[in-house]
Amino acid sequence: PEFSHQLNVRFRKNDFQKGNNFFAFVNAGLTNNKIVSLSKSYFDDLMDYQTGQTNSTLVSETGYLNETSDKPFNVSSFYHYGKSLKEKTYNIMLMGGVSYNKNIGYVSTEKDDNIGQKNVARNIVLNQGLMFRYNPSENLEINPGVRYQFNHTENSLTNRTTNVSSWTPTLIGSVNITKTTIFGADLSKQFNSGYGAGINANPFVINTYLEQKFLSQQRGTVRLQAFDLLNQQTNVSRTVSESMITDSRTNRLGRYFMILFTYKFQKFAMGNPEGENRFPGGMRPPRM
């Protein structure tokens, strides 16, 4: 059996009157006697029962064994800092984190090899984001921002190092056309580099909505939403295991439209209900 040890540390500090907040956590894990994979890939003579002939066929099989000489471990962290300026007209938000994973696996090209060659895969992922909010009145809100991710991988068996990265500038905003009509948009452009051939994509995604409030005390709302107007929404990602690196490109649900009707049965005396989605630091997300 394997034995896992986990450590989790969290810290939060909020000053709601000044509009300042900070949130951070660190998670770490260490495994003794880790159960790791033994991946075999070899050619074997197999019989074709339809023709009766024997053909050389590539065979892949996966077994498992305990790693007793080394200890895989992982560390991940995240932070969020928000600060309000000029009576909360301006807000600055910083968020990011770093993770480190050490995975161990064994590979072999021999059928009868039950030990294989050891491969240590080290993976570092760095995330950083910056967002501004300009909210001069209840009728206008503008949220420009940018996100960055860097993914670094090393494999001891092949002595190979690979890097991928992505930049994503964003712009989220909304404006009250009238007292009861709101228009909003969410724009993002992704710039990816370092992925395998045929995987790279740099989608430009535009989402918009038009919202109309009506009925007594504006309790009724009808919203028409349009998603991915340019039909470019594509997800590019990298997965690192103990024996391989996988680059994936996924075409998500393309351009579509949605009509929503919302009716508020109750007004909360203390403002928004506690269940409203918020950023980790306690600051509300952009109005969308």
# chains A, B, ... in the order shown; residues from 1 in each chain; ligands from 1

$ residues_around --residues "Leu58 in chain A" --least-positions-apart "2" --cutoff "10 Å" --atoms "only C-alpha atoms" --output "PyMOL selection string"
chain A and resi 41-46+55-56+60

$ write_last_selection --atoms "N, CA and C atoms" --output "PDB file, in the first residue's frame"
ATOM      1  N   SER A  41       5.741  -1.060 -24.260  1.00  0.00           N
ATOM      2  CA  SER A  41       5.378  -0.956 -25.671  1.00  0.00           C
ATOM      3  C   SER A  41       6.392  -1.778 -26.462  1.00  0.00           C
ATOM      4  N   TYR A  42       5.920  -2.879 -27.076  1.00  0.00           N
ATOM      5  CA  TYR A  42       6.840  -3.795 -27.746  1.00  0.00           C
ATOM      6  C   TYR A  42       6.107  -4.507 -28.891  1.00  0.00           C
ATOM      7  N   PHE A  43       6.893  -5.106 -29.777  1.00  0.00           N
ATOM      8  CA  PHE A  43       6.340  -5.892 -30.877  1.00  0.00           C
ATOM      9  C   PHE A  43       6.326  -7.371 -30.486  1.00  0.00           C
ATOM     10  N   ASP A  44       5.195  -8.030 -30.808  1.00  0.00           N
ATOM     11  CA  ASP A  44       5.048  -9.448 -30.488  1.00  0.00           C
ATOM     12  C   ASP A  44       4.383 -10.152 -31.670  1.00  0.00           C
ATOM     13  N   ASP A  45       4.687 -11.428 -31.832  1.00  0.00           N
ATOM     14  CA  ASP A  45       4.082 -12.208 -32.912  1.00  0.00           C
ATOM     15  C   ASP A  45       2.727 -12.728 -32.453  1.00  0.00           C
ATOM     16  N   LEU A  46       1.664 -12.209 -33.055  1.00  0.00           N
ATOM     17  CA  LEU A  46       0.303 -12.592 -32.710  1.00  0.00           C
ATOM     18  C   LEU A  46      -0.376 -13.217 -33.917  1.00  0.00           C
ATOM     19  N   ASN A  55       1.452 -12.372 -37.342  1.00  0.00           N
ATOM     20  CA  ASN A  55       1.928 -11.043 -37.715  1.00  0.00           C
ATOM     21  C   ASN A  55       2.613 -10.377 -36.527  1.00  0.00           C
ATOM     22  N   SER A  56       3.621  -9.578 -36.843  1.00  0.00           N
ATOM     23  CA  SER A  56       4.288  -8.793 -35.804  1.00  0.00           C
ATOM     24  C   SER A  56       3.417  -7.580 -35.485  1.00  0.00           C
ATOM     25  N   SER A  60       0.765  -2.710 -26.393  1.00  0.00           N
ATOM     26  CA  SER A  60       0.933  -1.762 -25.279  1.00  0.00           C
ATOM     27  C   SER A  60       0.242  -2.327 -24.047  1.00  0.00           C
TER      28      SER A  60
END

$ closest_atom_pairs --of "range 201-255 of chain A" --to "range 167-177 of chain A" --cutoff "10 Å" --atoms "only C-alpha atoms" --output "CSV"
residue,atom,partner,partner_atom,distance
A:Asn202,CA,A:Thr168,CA,9.4
A:Pro203,CA,A:Thr168,CA,9.8
A:Phe204,CA,A:Thr168,CA,9.6
A:Val205,CA,A:Thr170,CA,9.6
A:Ile206,CA,A:Leu171,CA,9.7
A:Asn207,CA,A:Ile172,CA,9.4
A:Thr208,CA,A:Ser174,CA,9.4
A:Tyr209,CA,A:Ser174,CA,9.1
A:Leu210,CA,A:Ser174,CA,9.6
A:Glu211,CA,A:Asn176,CA,9.3
A:Gln212,CA,A:Asn176,CA,10.0

$ residues_around --residues "Thr234 in chain A" --least-positions-apart "2" --cutoff "9 Å" --atoms "only C-alpha atoms" --output "list in words"
Ala201, Asn202, Pro203, Asn231, Gln232, Val236, Arg249, Thr250, Asn251, Arg252, Leu253 and Gly254 of chain A

$ write_last_selection --atoms "C-alpha atoms" --output "PDB file, in the first residue's frame"
ATOM      1  CA  ALA A 201      -5.174  27.952 -31.485  1.00  0.00           C
ATOM      2  CA  ASN A 202      -5.645  31.634 -30.653  1.00  0.00           C
ATOM      3  CA  PRO A 203      -9.407  32.102 -30.266  1.00  0.00           C
ATOM      4  CA  ASN A 231     -17.574  30.846 -33.393  1.00  0.00           C
ATOM      5  CA  GLN A 232     -13.921  30.501 -32.334  1.00  0.00           C
ATOM      6  CA  VAL A 236      -5.994  24.215 -25.673  1.00  0.00           C
ATOM      7  CA  ARG A 249      -7.388  20.831 -28.454  1.00  0.00           C
ATOM      8  CA  THR A 250     -11.112  20.775 -27.724  1.00  0.00           C
ATOM      9  CA  ASN A 251     -13.792  22.523 -29.742  1.00  0.00           C
ATOM     10  CA  ARG A 252     -16.353  23.676 -27.222  1.00  0.00           C
ATOM     11  CA  LEU A 253     -20.002  24.427 -27.865  1.00  0.00           C
ATOM     12  CA  GLY A 254     -19.964  27.009 -30.667  1.00  0.00           C
TER      13      GLY A 254
END

$ select_by_dssp --residues "range 80-188 of chain A" --states "strand (DSSP E or B)" --output "ChimeraX atom specification"
/A:80-85,90-108,117-137,140-155,160-176,181-188

$ residues_around --residues "Glu67 in chain A" --least-positions-apart "2" --cutoff "7 Å" --atoms "only C-alpha atoms" --output "PDB file with C-alpha atoms, in the first residue's frame"
ATOM      1  CA  ASN A  33       5.670   3.732  -1.290  1.00  0.00           C
ATOM      2  CA  LYS A  34       3.796   5.312  -4.206  1.00  0.00           C
ATOM      3  CA  ILE A  35       2.011   2.979  -6.634  1.00  0.00           C
ATOM      4  CA  VAL A  36       3.377   4.005 -10.043  1.00  0.00           C
ATOM      5  CA  LEU A  65       4.598  -1.375  -8.914  1.00  0.00           C
ATOM      6  CA  SER A  69      13.525   4.589  -3.528  1.00  0.00           C
ATOM      7  CA  ASP A  70      11.951   7.981  -4.268  1.00  0.00           C
TER       8      ASP A  70
END

$ residues_around --residues "Ser76 in chain A" --least-positions-apart "4" --cutoff "7 Å" --atoms "only C-alpha atoms" --output "list in words"
Val26, Asn27, Ala28, Val98, Ser99 and Tyr100 of chain A

$ decode --residues "range 217-263 of chain A" --atoms "C-alpha atoms" --output "PDB file, in the first residue's frame"
ATOM      1  CA  GLN A 217     -40.030  47.053  -8.251  1.00  0.00           C
ATOM      2  CA  GLN A 218     -38.251  45.640 -11.332  1.00  0.00           C
ATOM      3  CA  ARG A 219     -38.631  42.098 -10.057  1.00  0.00           C
ATOM      4  CA  GLY A 220     -38.948  40.624 -13.544  1.00  0.00           C
ATOM      5  CA  THR A 221     -35.989  40.384 -15.938  1.00  0.00           C
ATOM      6  CA  VAL A 222     -35.716  39.115 -19.499  1.00  0.00           C
ATOM      7  CA  ARG A 223     -32.204  38.618 -20.860  1.00  0.00           C
ATOM      8  CA  LEU A 224     -31.118  37.736 -24.399  1.00  0.00           C
ATOM      9  CA  GLN A 225     -27.577  36.325 -24.401  1.00  0.00           C
ATOM     10  CA  ALA A 226     -25.288  35.578 -27.337  1.00  0.00           C
ATOM     11  CA  PHE A 227     -22.258  33.335 -26.808  1.00  0.00           C
ATOM     12  CA  ASP A 228     -19.138  33.035 -28.981  1.00  0.00           C
ATOM     13  CA  LEU A 229     -20.344  35.339 -31.756  1.00  0.00           C
ATOM     14  CA  LEU A 230     -17.262  34.617 -33.908  1.00  0.00           C
ATOM     15  CA  ASN A 231     -17.574  30.846 -33.393  1.00  0.00           C
ATOM     16  CA  GLN A 232     -13.921  30.501 -32.334  1.00  0.00           C
ATOM     17  CA  GLN A 233     -14.141  29.060 -28.826  1.00  0.00           C
ATOM     18  CA  THR A 234     -11.419  26.401 -28.654  1.00  0.00           C
ATOM     19  CA  ASN A 235      -9.718  25.094 -25.529  1.00  0.00           C
ATOM     20  CA  VAL A 236      -5.994  24.215 -25.673  1.00  0.00           C
ATOM     21  CA  SER A 237      -4.400  22.429 -22.704  1.00  0.00           C
ATOM     22  CA  ARG A 238      -1.402  20.325 -21.664  1.00  0.00           C
ATOM     23  CA  THR A 239      -1.554  17.298 -19.343  1.00  0.00           C
ATOM     24  CA  VAL A 240       1.633  15.900 -17.831  1.00  0.00           C
ATOM     25  CA  SER A 241       1.807  12.366 -16.405  1.00  0.00           C
ATOM     26  CA  GLU A 242       4.723  10.270 -15.198  1.00  0.00           C
ATOM     27  CA  SER A 243       5.358   8.793 -18.663  1.00  0.00           C
ATOM     28  CA  MET A 244       3.912  11.168 -21.266  1.00  0.00           C
ATOM     29  CA  ILE A 245       2.946  14.719 -22.210  1.00  0.00           C
ATOM     30  CA  THR A 246      -0.444  15.185 -23.879  1.00  0.00           C
ATOM     31  CA  ASP A 247      -1.479  18.342 -25.743  1.00  0.00           C
ATOM     32  CA  SER A 248      -5.234  18.601 -26.308  1.00  0.00           C
ATOM     33  CA  ARG A 249      -7.388  20.831 -28.454  1.00  0.00           C
ATOM     34  CA  THR A 250     -11.112  20.775 -27.724  1.00  0.00           C
ATOM     35  CA  ASN A 251     -13.792  22.523 -29.742  1.00  0.00           C
ATOM     36  CA  ARG A 252     -16.353  23.676 -27.222  1.00  0.00           C
ATOM     37  CA  LEU A 253     -20.002  24.427 -27.865  1.00  0.00           C
ATOM     38  CA  GLY A 254     -19.964  27.009 -30.667  1.00  0.00           C
ATOM     39  CA  ARG A 255     -22.093  30.070 -31.290  1.00  0.00           C
ATOM     40  CA  TYR A 256     -25.481  29.908 -29.587  1.00  0.00           C
ATOM     41  CA  PHE A 257     -28.173  32.148 -28.117  1.00  0.00           C
ATOM     42  CA  MET A 258     -30.185  31.954 -24.920  1.00  0.00           C
ATOM     43  CA  ILE A 259     -33.240  33.724 -23.498  1.00  0.00           C
ATOM     44  CA  LEU A 260     -33.592  33.871 -19.721  1.00  0.00           C
ATOM     45  CA  PHE A 261     -36.481  35.010 -17.544  1.00  0.00           C
ATOM     46  CA  THR A 262     -35.854  35.814 -13.873  1.00  0.00           C
ATOM     47  CA  TYR A 263     -38.362  36.789 -11.200  1.00  0.00           C
TER      48      TYR A 263
END
